[in-house]
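Trainee: Here's a structure for you.
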Amino acid sequence: MKTITQRIYMVILTILILIPVVLYAVIGKYLDSSTADKENRVMTEMPTLANTQISEFPTLFDAYMNDNLPYKNYLVTINSMADYYLFNTSSSDDVIVGDKGWLFYVGHENNDEDPLADYEGTNLYSIDELEIIAENMINARDFLASQGKEFVITIIPNKSRVYSEYMPDMCGDVSQECRLNQVYQYLSENTDLTIVSPYNDIVSYKEAHPEIQLYFKYDTHWNNFGAYVAAQSISRVWGFEMPDLDTVEQVYVDSDTYDLARMINLGDYLKEDAPIATAYSGHMARVEIQSDGMSFTGTVDQGTADARKLYIIGDSFSALLFPYLACHFNSSKSDMYYNYNYSSLESYDPDVVVFECVERYLNNMLHFSIENGVVY
């Protein structure tokens with residue numbers, strides 16, 4: 001009797017093992033197995049002993065299996081859904097889940113950023129570092145001024161600073177003694193640089209219009225409305241007045257996937273419509289994205305805008321900011337800082353140069369020059 005029971009268990013176990021194998025052989029081609037595509041990289045190919053050293057084969061084979069394991073995407077998604085919906089936690093060390101499902105970036109993907117330290121105010125600059133930032137910015141301003149060009153600096157608040165009420169309780173209250181305020185105050189009080197911090201305007205608008213969201217819930221960036229409010233602040237430097245956001249036409253378009261949602265493997269599930277502010281100017285710019293995806297050009301067809309040429313050196317926040325600044329100038333161009341080189345600026349020969357930097361990238365100002373860009 002015991003032997004029969006053992007055989008029955010063995011048969012059941014064998015069937016349970018074979019079912020997913022057979023099932024995958026039949027339907028595998030219809031399943032989503034684009035693990036590497038979701039992570040924006042090339043999938044690992046199956047290694048062969050013919051072209052692989054024996055010592056490297058186990059590691060390469062393990063990488064291949066990680067990319068091509070049957071049902072992996074579905075299992076990862078189920079795990080991520082359980083973390084997010086049931087336990088209000090994140091499957092990524094770089095993302096935390098806040099109140100009402102808001103996602104916040106706390107990772108260290110670029111250079112030496114530390115968004116959580118920015119939030120808590122535990123990474124304040126020394127006087128020596130503030131002096132270096134000031135010197136770098138003054139050198140950039142003076143170099144451009146020698147060519148008859150204007151230089152404007154703008155620093156953008158992190159999402160967690162603007163929407164601190166949704167941050168997890170474990171993070172505590174947002175600190176006002178922070179790098180963002182340090183840099184703005186130091187440059188304002190100790191130099192004659194033109195620097196704009198739209199933080200107060202963004203917070204004021206948010207408090208006056210709580211129904212209007214200025215940063216994406218599932219992305220680390222601001223949305224078009226947040227960029228519009230910031231553009232209002234920056235545009236005043238040149239004497240341009242933009243109508244209040246609530247007086248212009250507001251439209252919403254279908255969303256793409258958002259970066260923080262992708263990082264916790266829920267890019268296909270956590271979505272929100274993307275807002276756009278239109279009809280904000282009598283001379284809207286036609287914006288074109290260059291093939292590299294890191295450069296933009298803007299043209300005002302009517303030719304009724306300022307005749308000067310605008311050039312922006314910025315991070316990813318400048319992508320949504322660009323159209324709202326470009327509308328004021330007949331011709332505009334923007335380069336991401338990691339794609340910037342002086343030859344691009346020189347060949348474009350702008351009249352106005354804007355250096356945009358989000359709070360978590362303020363260390364870029366420690367390593368920036370017009371001639372070399374940001375060099376760590």
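FYI, nothing fancy with the structure tokens labels: chains A, B, ... in order, residues from 1 per chain, ligands from 1 as they appear.
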Within 7 Å of region 80-89 of chain A, counting only C-alpha atoms, which residues qualify if same-chain residues fewer than 4 places away don't, as an NGL selection string?
Mentor: :A and (76 or 96-97 or 264-265)
Trainee: Got a sec: who's within 10 Å of Glu131 (chain A), counting only C-alpha atoms, leaving out chain neighbours fewer than 6 positions off, as a list of chain:residue names?
Mentor: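 That gives A:Tyr125, A:Met137, A:Val183, A:Tyr186, A:Leu187, A:Asn190, A:Leu366.
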Trainee: Looking only at the backbone, which of the residues in region 178-363 of chain A does DSSP tag as helix (DSSP H, G or I), as a PyMOL selection string?
Mentor: chain A and resi 179-190+199-208+224-238+245-247+259-263+318-326+342-348+359-363
Trainee: Would you kindly return, as a CSV table (one decimal) with all heavy atoms, in the first residue's frame, each protein, DNA or RNA residue with an atom no farther than 10 Å from any atom of Arg141 (chain A), considering only C-alpha atoms and excluding same-chain residues fewer than 6 positions away?
Mentor:
```
chain,number,residue,atom,x,y,z
A,135,GLU,N,31.8,79.9,-8.3
A,135,GLU,CA,32.9,80.2,-9.2
A,135,GLU,C,32.6,79.6,-10.6
A,135,GLU,O,32.9,80.3,-11.6
A,135,GLU,CB,34.2,79.6,-8.7
A,135,GLU,CG,35.4,79.9,-9.6
A,135,GLU,CD,36.7,79.3,-9.0
A,135,GLU,OE1,36.7,78.6,-8.0
A,135,GLU,OE2,37.8,79.5,-9.6
A,149,LYS,N,26.5,87.2,-24.8
A,149,LYS,CA,25.4,86.3,-24.5
A,149,LYS,C,25.0,86.4,-23.1
A,149,LYS,O,25.8,86.6,-22.2
A,149,LYS,CB,25.8,84.8,-24.8
A,149,LYS,CG,26.3,84.6,-26.2
A,149,LYS,CD,26.7,83.1,-26.4
A,149,LYS,CE,27.5,82.9,-27.7
A,149,LYS,NZ,26.8,83.4,-28.9
A,150,GLU,N,23.7,86.2,-22.8
A,150,GLU,CA,23.1,86.3,-21.5
A,150,GLU,C,23.1,84.9,-20.9
A,150,GLU,O,22.9,83.9,-21.6
A,150,GLU,CB,21.7,86.8,-21.6
A,150,GLU,CG,21.0,87.0,-20.2
A,150,GLU,CD,19.6,87.5,-20.4
A,150,GLU,OE1,19.2,87.9,-21.5
A,150,GLU,OE2,18.8,87.4,-19.4
A,151,PHE,N,23.3,84.8,-19.5
A,151,PHE,CA,23.3,83.5,-18.9
A,151,PHE,C,22.3,83.5,-17.7
A,151,PHE,O,22.3,84.4,-16.9
A,151,PHE,CB,24.7,83.2,-18.3
A,151,PHE,CG,24.9,81.8,-17.7
A,151,PHE,CD1,24.6,80.7,-18.4
A,151,PHE,CD2,25.3,81.7,-16.4
A,151,PHE,CE1,24.8,79.4,-17.8
A,151,PHE,CE2,25.5,80.5,-15.8
A,151,PHE,CZ,25.2,79.3,-16.5
A,152,VAL,N,21.4,82.5,-17.7
A,152,VAL,CA,20.4,82.4,-16.7
A,152,VAL,C,20.4,81.0,-16.1
A,152,VAL,O,20.5,80.0,-16.8
A,152,VAL,CB,18.9,82.7,-17.2
A,152,VAL,CG1,17.9,82.4,-16.2
A,152,VAL,CG2,18.9,84.1,-17.8
A,153,ILE,N,20.3,80.9,-14.7
A,153,ILE,CA,20.4,79.6,-14.0
A,153,ILE,C,19.0,79.4,-13.4
A,153,ILE,O,18.4,80.3,-12.8
A,153,ILE,CB,21.4,79.6,-12.9
A,153,ILE,CG1,22.8,80.0,-13.4
A,153,ILE,CG2,21.4,78.3,-12.2
A,153,ILE,CD1,23.8,80.4,-12.3
A,193,LEU,N,24.8,86.8,-10.2
A,193,LEU,CA,24.2,85.9,-11.2
A,193,LEU,C,22.7,86.0,-11.3
A,193,LEU,O,22.1,86.4,-10.3
A,193,LEU,CB,24.6,84.5,-10.9
A,193,LEU,CG,26.1,84.1,-11.0
A,193,LEU,CD1,26.4,82.8,-10.2
A,193,LEU,CD2,26.5,83.9,-12.5
A,194,THR,N,22.2,85.7,-12.5
A,194,THR,CA,20.7,85.7,-12.6
A,194,THR,C,20.3,84.2,-12.4
A,194,THR,O,20.6,83.3,-13.1
A,194,THR,CB,20.3,86.1,-14.0
A,194,THR,OG1,20.8,87.4,-14.3
A,194,THR,CG2,18.8,86.0,-14.2
A,353,VAL,N,21.5,81.9,-22.9
A,353,VAL,CA,21.8,80.5,-22.5
A,353,VAL,C,21.2,80.3,-21.1
A,353,VAL,O,21.4,81.0,-20.2
A,353,VAL,CB,23.3,80.2,-22.4
A,353,VAL,CG1,23.6,78.8,-21.9
A,353,VAL,CG2,23.9,80.4,-23.8
A,369,SER,N,31.3,73.4,-16.6
A,369,SER,CA,31.9,74.6,-17.3
A,369,SER,C,31.3,74.7,-18.7
A,369,SER,O,30.9,73.6,-19.3
A,369,SER,CB,33.4,74.5,-17.4
A,369,SER,OG,33.8,73.4,-18.3
A,370,ILE,N,31.2,75.9,-19.3
A,370,ILE,CA,30.7,76.0,-20.6
A,370,ILE,C,31.5,75.3,-21.6
A,370,ILE,O,31.1,74.6,-22.6
A,370,ILE,CB,30.6,77.5,-21.0
A,370,ILE,CG1,29.4,78.2,-20.3
A,370,ILE,CG2,30.5,77.7,-22.5
A,370,ILE,CD1,28.1,77.7,-20.8
```
Trainee: Could you pull the residues within 12 Å of Tyr218 (chain A), counting only C-alpha atoms, minus those fewer than 5 positions along the same chain, as JSON, numbers by chain?
Mentor: {"A": [95, 96, 97, 98, 100, 101, 102, 103, 104, 105, 159, 223, 255, 256, 257, 258, 259, 260, 261, 262, 263, 264, 265, 266, 267, 268, 269, 270, 271, 272, 273, 274]}
Trainee: Between CA of Lys217 (chain A) and CA of Glu165 (chain A), what is the spacing in Å?
Mentor: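 Rounded to one decimal, the two atoms are 12.6 Å apart.
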Trainee: Restricting the calculation to only C-alpha atoms: of A:Tyr119, A:Tyr337, A:Phe240, A:Phe296, which residue gets closest to Cys178 (chain A)?
Mentor: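 Using only C-alpha atoms, Cys178 (chain A) sits closest to A:Tyr119.
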Trainee: Of the candidates A:Trp238, A:Tyr199, A:Phe322, A:Tyr228, which one gets nearest to Glu359 (chain A) if we count only C-alpha atoms?
Mentor: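 Of A:Trp238, A:Tyr199, A:Phe322, A:Tyr228, the one nearest Glu359 (chain A), counting only C-alpha atoms, is A:Tyr199.
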Trainee: Can you pull out the residues contacting Lys206 (chain A)? Cut-off 12 Å, using only C-alpha atoms, and skip same-chain residues under 3 positions away; I want them as a PyMOL selection string.
Mentor: chain A and resi 162-163+199-203+209-215+225-226+229-230+245-246
Trainee: Mind the document's chain letters and residue numbers, and return as a VMD selection string the residues of region 102-346 of chain A that DSSP labels strand (DSSP E or B).
Mentor: chain A and resid 103 to 105 150 to 156 195 to 196 215 222 249 to 253 274 to 278 286 to 289 295 to 299 306 to 314 329 to 336
Trainee: Just N, CA and C atoms for this one: save the residues we selected as a compact mmCIF listing (two decimals), in the first residue's frame.
Mentor:
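Okay, this is what ended up in result-v7.txt:
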```txt
# COMPACT_ATOMS: atom_id res chain seq x y z
N LEU A 103 4.42 57.24 -6.00
CA LEU A 103 5.75 56.66 -6.08
C LEU A 103 6.80 57.77 -6.03
N PHE A 104 7.90 57.49 -5.32
CA PHE A 104 8.99 58.46 -5.20
C PHE A 104 10.32 57.78 -5.46
N TYR A 105 11.19 58.51 -6.15
CA TYR A 105 12.52 57.99 -6.49
C TYR A 105 13.50 58.29 -5.37
N GLU A 150 23.68 86.20 -22.83
CA GLU A 150 23.11 86.26 -21.48
C GLU A 150 23.08 84.87 -20.88
N PHE A 151 23.27 84.77 -19.55
CA PHE A 151 23.30 83.48 -18.85
C PHE A 151 22.29 83.50 -17.71
N VAL A 152 21.39 82.51 -17.69
CA VAL A 152 20.36 82.40 -16.66
C VAL A 152 20.42 81.00 -16.06
N ILE A 153 20.34 80.92 -14.74
CA ILE A 153 20.35 79.64 -14.03
C ILE A 153 18.98 79.40 -13.42
N THR A 154 18.47 78.19 -13.54
CA THR A 154 17.24 77.84 -12.84
C THR A 154 17.39 76.48 -12.18
N ILE A 155 16.95 76.37 -10.93
CA ILE A 155 17.05 75.10 -10.19
C ILE A 155 15.64 74.65 -9.83
N ILE A 156 15.36 73.37 -10.08
CA ILE A 156 14.01 72.81 -10.01
C ILE A 156 13.88 71.89 -8.80
N ILE A 195 19.63 84.03 -11.23
CA ILE A 195 19.21 82.68 -10.84
C ILE A 195 17.74 82.69 -10.46
N VAL A 196 17.00 81.69 -10.95
CA VAL A 196 15.56 81.60 -10.70
C VAL A 196 15.27 80.25 -10.03
N TYR A 215 3.07 67.33 -10.69
CA TYR A 215 4.07 66.28 -10.93
C TYR A 215 3.31 64.97 -11.15
N TRP A 222 8.09 66.32 -13.19
CA TRP A 222 6.87 67.12 -13.22
C TRP A 222 6.12 66.84 -14.52
N GLU A 249 -6.16 76.90 -22.05
CA GLU A 249 -6.80 75.63 -22.38
C GLU A 249 -5.95 74.47 -21.84
N GLN A 250 -6.61 73.54 -21.18
CA GLN A 250 -5.93 72.38 -20.61
C GLN A 250 -6.51 71.12 -21.23
N VAL A 251 -5.64 70.29 -21.79
CA VAL A 251 -6.08 69.04 -22.39
C VAL A 251 -5.29 67.89 -21.78
N TYR A 252 -5.86 66.70 -21.87
CA TYR A 252 -5.20 65.50 -21.35
C TYR A 252 -5.09 64.49 -22.49
N VAL A 253 -3.94 63.86 -22.57
CA VAL A 253 -3.69 62.87 -23.61
C VAL A 253 -3.37 61.53 -22.96
N ALA A 274 -1.65 62.37 -19.30
CA ALA A 274 -0.65 63.44 -19.28
C ALA A 274 -1.32 64.76 -19.67
N PRO A 275 -1.22 65.78 -18.81
CA PRO A 275 -1.85 67.08 -19.12
C PRO A 275 -0.95 67.96 -19.97
N ILE A 276 -1.59 68.79 -20.78
CA ILE A 276 -0.86 69.75 -21.60
C ILE A 276 -1.58 71.09 -21.54
N ALA A 277 -0.83 72.17 -21.34
CA ALA A 277 -1.39 73.51 -21.37
C ALA A 277 -1.17 74.09 -22.77
N THR A 278 -2.25 74.46 -23.44
CA THR A 278 -2.14 74.98 -24.80
C THR A 278 -2.69 76.40 -24.87
N ARG A 286 6.89 75.51 -32.61
CA ARG A 286 6.86 74.16 -33.17
C ARG A 286 8.13 73.45 -32.70
N VAL A 287 7.95 72.39 -31.94
CA VAL A 287 9.08 71.70 -31.33
C VAL A 287 9.37 70.41 -32.07
N GLU A 288 10.62 70.17 -32.35
CA GLU A 288 11.05 68.93 -32.98
C GLU A 288 12.09 68.25 -32.10
N ILE A 289 11.94 66.94 -31.94
CA ILE A 289 12.90 66.14 -31.18
C ILE A 289 13.91 65.56 -32.15
N SER A 295 18.06 66.10 -27.77
CA SER A 295 18.14 67.48 -28.25
C SER A 295 16.80 67.89 -28.83
N PHE A 296 16.44 69.16 -28.65
CA PHE A 296 15.18 69.69 -29.14
C PHE A 296 15.44 71.00 -29.87
N THR A 297 14.62 71.28 -30.85
CA THR A 297 14.66 72.60 -31.49
C THR A 297 13.25 73.17 -31.48
N GLY A 298 13.17 74.48 -31.40
CA GLY A 298 11.88 75.15 -31.40
C GLY A 298 11.88 76.32 -32.36
N THR A 299 10.78 76.47 -33.07
CA THR A 299 10.65 77.57 -34.04
C THR A 299 9.28 78.19 -33.91
N ASP A 306 10.44 87.08 -29.68
CA ASP A 306 11.71 87.77 -29.52
C ASP A 306 12.70 87.26 -30.57
N ALA A 307 13.41 88.18 -31.20
CA ALA A 307 14.31 87.81 -32.29
C ALA A 307 15.56 87.08 -31.80
N ARG A 308 15.83 87.14 -30.50
CA ARG A 308 17.02 86.47 -29.97
C ARG A 308 16.86 84.95 -30.03
N LYS A 309 17.99 84.26 -29.97
CA LYS A 309 18.00 82.79 -30.00
C LYS A 309 18.27 82.25 -28.60
N LEU A 310 17.48 81.25 -28.21
CA LEU A 310 17.56 80.66 -26.87
C LEU A 310 18.24 79.30 -26.94
N TYR A 311 19.09 79.04 -25.96
CA TYR A 311 19.76 77.72 -25.86
C TYR A 311 19.67 77.25 -24.42
N ILE A 312 19.21 76.00 -24.21
CA ILE A 312 19.05 75.45 -22.87
C ILE A 312 19.97 74.25 -22.69
N ILE A 313 20.72 74.25 -21.61
CA ILE A 313 21.49 73.09 -21.18
C ILE A 313 20.78 72.57 -19.94
N GLY A 314 20.24 71.37 -19.99
CA GLY A 314 19.44 70.92 -18.86
C GLY A 314 19.45 69.42 -18.69
N PHE A 329 10.74 82.90 -28.08
CA PHE A 329 11.86 83.21 -28.96
C PHE A 329 11.60 82.62 -30.36
N ASN A 330 12.03 83.36 -31.39
CA ASN A 330 11.82 82.88 -32.75
C ASN A 330 12.53 81.54 -32.99
N SER A 331 13.68 81.34 -32.34
CA SER A 331 14.46 80.12 -32.54
C SER A 331 15.02 79.66 -31.20
N SER A 332 14.92 78.36 -30.94
CA SER A 332 15.40 77.80 -29.67
C SER A 332 16.02 76.43 -29.88
N LYS A 333 16.91 76.07 -28.97
CA LYS A 333 17.54 74.75 -29.02
C LYS A 333 17.81 74.31 -27.59
N SER A 334 17.77 73.00 -27.36
CA SER A 334 18.04 72.46 -26.04
C SER A 334 18.86 71.18 -26.16
N ASP A 335 19.85 71.03 -25.28
CA ASP A 335 20.65 69.81 -25.20
C ASP A 335 20.67 69.32 -23.76
N MET A 336 20.49 68.00 -23.57
CA MET A 336 20.67 67.42 -22.25
C MET A 336 22.14 67.56 -21.85
```
Trainee: If you measure from CA of Val300 (chain A) to CA of Asp315 (chain A), what distance in Å do you get, rounded to one decimal?
Mentor: 23.3 Å
